[in-house]
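Worksheet for the structure shown next.
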Amino acid sequence: MLDTRGKDDVESPLGEWTRVECICSGSRIQIKVNDTQVNEAFDVYPSAGKILLELEGFEIFFRKVELHLLQK
């Protein structure tokens, strides 16, 4: 099995599930992997639309997908 992770990667070890959170608030998106922020974008356009889940280059499995409204 090909493993492309580095020594500082925040993903779970092979064979374990990784938790990914995508927090979208207005025109801001924040991405967390196993509770560690890995990316953030501001002034995102469009700020509404379809939700797409993908991984480039590798097969991906989703165990559970949840959607939650943000508290105002």
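Identifiers in the structure tokens: chain A, B, ... in order shown; residue index from 1 per chain; ligand index from 1 in order shown.
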Find the spatial neighbours of Asp43 of chain A, counting only C-alpha atoms, within a cut-off of 10 Å - ignore same-chain residues fewer than 6 positions away - and output them as JSON, numbers by chain. {"A": [26, 27, 28, 29]}
Those same residues - N, CA and C atoms - I'd like them written as a CSV table (one decimal), in the first residue's frame.
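See part.csv below for the written result:
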chain,number,residue,atom,x,y,z
A,26,GLY,N,-20.4,32.0,6.2
A,26,GLY,CA,-20.4,33.1,5.2
A,26,GLY,C,-19.4,32.9,4.1
A,27,SER,N,-18.4,33.8,4.0
A,27,SER,CA,-17.4,33.6,2.9
A,27,SER,C,-16.1,33.1,3.5
A,28,ARG,N,-16.1,32.4,4.6
A,28,ARG,CA,-14.9,31.9,5.2
A,28,ARG,C,-15.0,30.3,5.4
A,29,ILE,N,-14.0,29.6,5.0
A,29,ILE,CA,-13.9,28.2,5.2
A,29,ILE,C,-12.7,27.8,6.0
Out of chain A, which residues get strand (DSSP E) from DSSP, as a ChimeraX atom specification? /A:20-25,28-33,36-41
I'd like the contact shell of segment 48-65 of chain A - 10 Å cut-off, only C-alpha atoms, skipping same-chain residues fewer than 5 positions apart - returned as a list in words. Leu2, Trp17, Thr18, Arg19, Val20, Glu21, Cys24, Ser25, Gly26 and Ser27 of chain A
